[in-house]
Amino acid sequence: MGLKLPRITRRISPVLLALVVLGPLALAAENAAAPPADSSPADRLPPHIRRLTWFGERADWSPNGRKILFIEKTYGDAFEVELATGIIRPVTHHFYHGGFTRALYLANGDILLSGCRSFDADHPHLNRTEKAELWVLDKSLRKPPVPLGTKCSEGPAVSRSRMPLAWTHVSSQYPDKLPVGVSQILEADIVYENGVPKLANQRLVLDSRDLPFKCTLETQNFVPPDERQLTCSLYGYQGTDVGLLDLATGKVTNLTNSPDEYDEPEGIFPDGRFTLVECDRQNKQGWRNIDIWKLRLDGGGYVERLTFFSEVPGYKASNPVVSDDGHFMAFQLAKTTDEAGVGYGIFVYDFAKAGAAKAGQ
């Protein structure tokens, strides 16, 4: 049966009639397309992104790409998840500690940890900066980690093929050595004596006072394949910029040079041509409203935006890392109300599927 209109509507103009009859349908379609107020980006994932865990942050790929190491929560335990089965196992449950903020695979299979001996509940921020130390955990997971005798501000950088280590010191960690506002990037080798890891050949690579501008440094990734360069964050300069540090000369190249924009490098591609960046280019609202972008390391600028989590109010995508074969990216769901690095689950991004979907548009 057709829709029978009252007699009065027969004298209404066609345009007005369309608004009367189709208006509610158009409104319903608009509401269906818009995400509900309490929705999450994880509710509407594209085919090339899948959720791997429902908790966790700061992922790191195993060299064979079969497992991902991650932190349960800031100042929490480290866990490992198998991609094929989804099985999760604890890595740091067998000893007492004050919590960790980083866990990274070393080239020999051991695990580098950054964390503190005991948790200061009254001053939790101290565990992440002033109290954070570097440790090496034996891959057998049968004994406590060995301290390397140095503190570490935020994230260290490790090689995927050798045993060098780069990390940052800030003045709040060593107030007797570094003036307020000064940060330094250091490099050393992890060596073993009678099976016990320690640092050797330690040297200062860069002091922030040697830069022509003021910023706070953080190490990020050795640049493959020769690993003679290191990506680093230049916090506080023009917002934050992406730096490329020559390890031999200490020279820093600014790859983004974007005033009033937040650009922080995170994951490196195995060919050494690109890095992933946490960036607010899409909204210019700062580090709390970032998504993941792909940046050329030759100074050619951004290539593309990879995630769109910040389109949903209250959320962002952060802390990406690329698998050693370059086929996948692991990253985390994060909320704008939390501190940097806090995550709510690990996700896997398939570059091949994403490329096919883009080509088919």
# chains A, B, ... in the order shown; residues from 1 in each chain; ligands from 1

call {"tool": "residues_around", "arguments": {"residues": "A:Thr337", "least_positions_apart": "6", "cutoff": "10 Å", "atoms": "only C-alpha atoms", "output": "list in words"}}
result
Arg288, Asn289, Gly314 and Tyr315 of chain A

call {"tool": "write_last_selection", "arguments": {"atoms": "N, CA and C atoms", "output": "PDB file, in the first residue's frame"}}
result
ATOM      1  N   ARG A 288      47.856  15.854  23.518  1.00  0.00           N
ATOM      2  CA  ARG A 288      46.710  15.080  24.007  1.00  0.00           C
ATOM      3  C   ARG A 288      45.752  14.688  22.870  1.00  0.00           C
ATOM      4  N   ASN A 289      45.961  15.211  21.678  1.00  0.00           N
ATOM      5  CA  ASN A 289      45.021  14.972  20.573  1.00  0.00           C
ATOM      6  C   ASN A 289      45.753  14.521  19.308  1.00  0.00           C
ATOM      7  N   GLY A 314      37.852  12.599  22.794  1.00  0.00           N
ATOM      8  CA  GLY A 314      38.355  11.941  23.991  1.00  0.00           C
ATOM      9  C   GLY A 314      39.392  10.865  23.740  1.00  0.00           C
ATOM     10  N   TYR A 315      39.715  10.583  22.464  1.00  0.00           N
ATOM     11  CA  TYR A 315      40.629   9.487  22.154  1.00  0.00           C
ATOM     12  C   TYR A 315      41.758   9.927  21.225  1.00  0.00           C
TER      13      TYR A 315
END

call {"tool": "residues_around", "arguments": {"residues": "A:Ala188", "least_positions_apart": "5", "cutoff": "12 Å", "atoms": "only C-alpha atoms", "output": "list in words"}}
result
Leu148, Thr150, Pro156, Ala157, Val158, Ser159, Arg162, Met163, Pro164, Leu165, Ala166, Trp167, Thr168, Lys198, Leu199, Ala200, Asn201, Gln202, Arg203, Leu204, Val205 and Leu247 of chain A

call {"tool": "closest_residue", "arguments": {"among": "A:Ala354, A:Leu217, A:Ala84, A:Ala334", "to": "A:Pro41", "atoms": "only C-alpha atoms"}}
result
A:Ala334

call {"tool": "select_by_dssp", "arguments": {"residues": "stretch 138-359 of chain A", "states": "strand (DSSP E or B)", "output": "PyMOL selection string"}}
result
chain A and resi 146-151+157-158+164-170+183-193+196-207+216-222+229-235+239-246+252-254+261-268+274-279+291-296+302-305+315-322+328-335+344+346-350

call {"tool": "select_by_dssp", "arguments": {"residues": "stretch 112-287 of chain A", "states": "helix (DSSP H, G or I)", "output": "list in words"}}
result
His125, Leu126, Asn127, Arg128, Ser208, Arg209, Asp210 and Trp287 of chain A

call {"tool": "write_last_selection", "arguments": {"atoms": "C-alpha atoms", "output": "mmCIF file, in the first residue's frame"}}
result
data_model
loop_
_atom_site.group_PDB
_atom_site.id
_atom_site.type_symbol
_atom_site.label_atom_id
_atom_site.label_comp_id
_atom_site.auth_asym_id
_atom_site.auth_seq_id
_atom_site.Cartn_x
_atom_site.Cartn_y
_atom_site.Cartn_z
ATOM 1 C CA HIS A 125 55.825 10.908 38.716
ATOM 2 C CA LEU A 126 59.230 10.307 40.282
ATOM 3 C CA ASN A 127 59.126 6.644 39.220
ATOM 4 C CA ARG A 128 59.069 7.676 35.576
ATOM 5 C CA SER A 208 71.181 20.107 24.904
ATOM 6 C CA ARG A 209 73.329 23.154 25.689
ATOM 7 C CA ASP A 210 75.181 22.568 22.401
ATOM 8 C CA TRP A 287 50.006 16.073 22.418
#
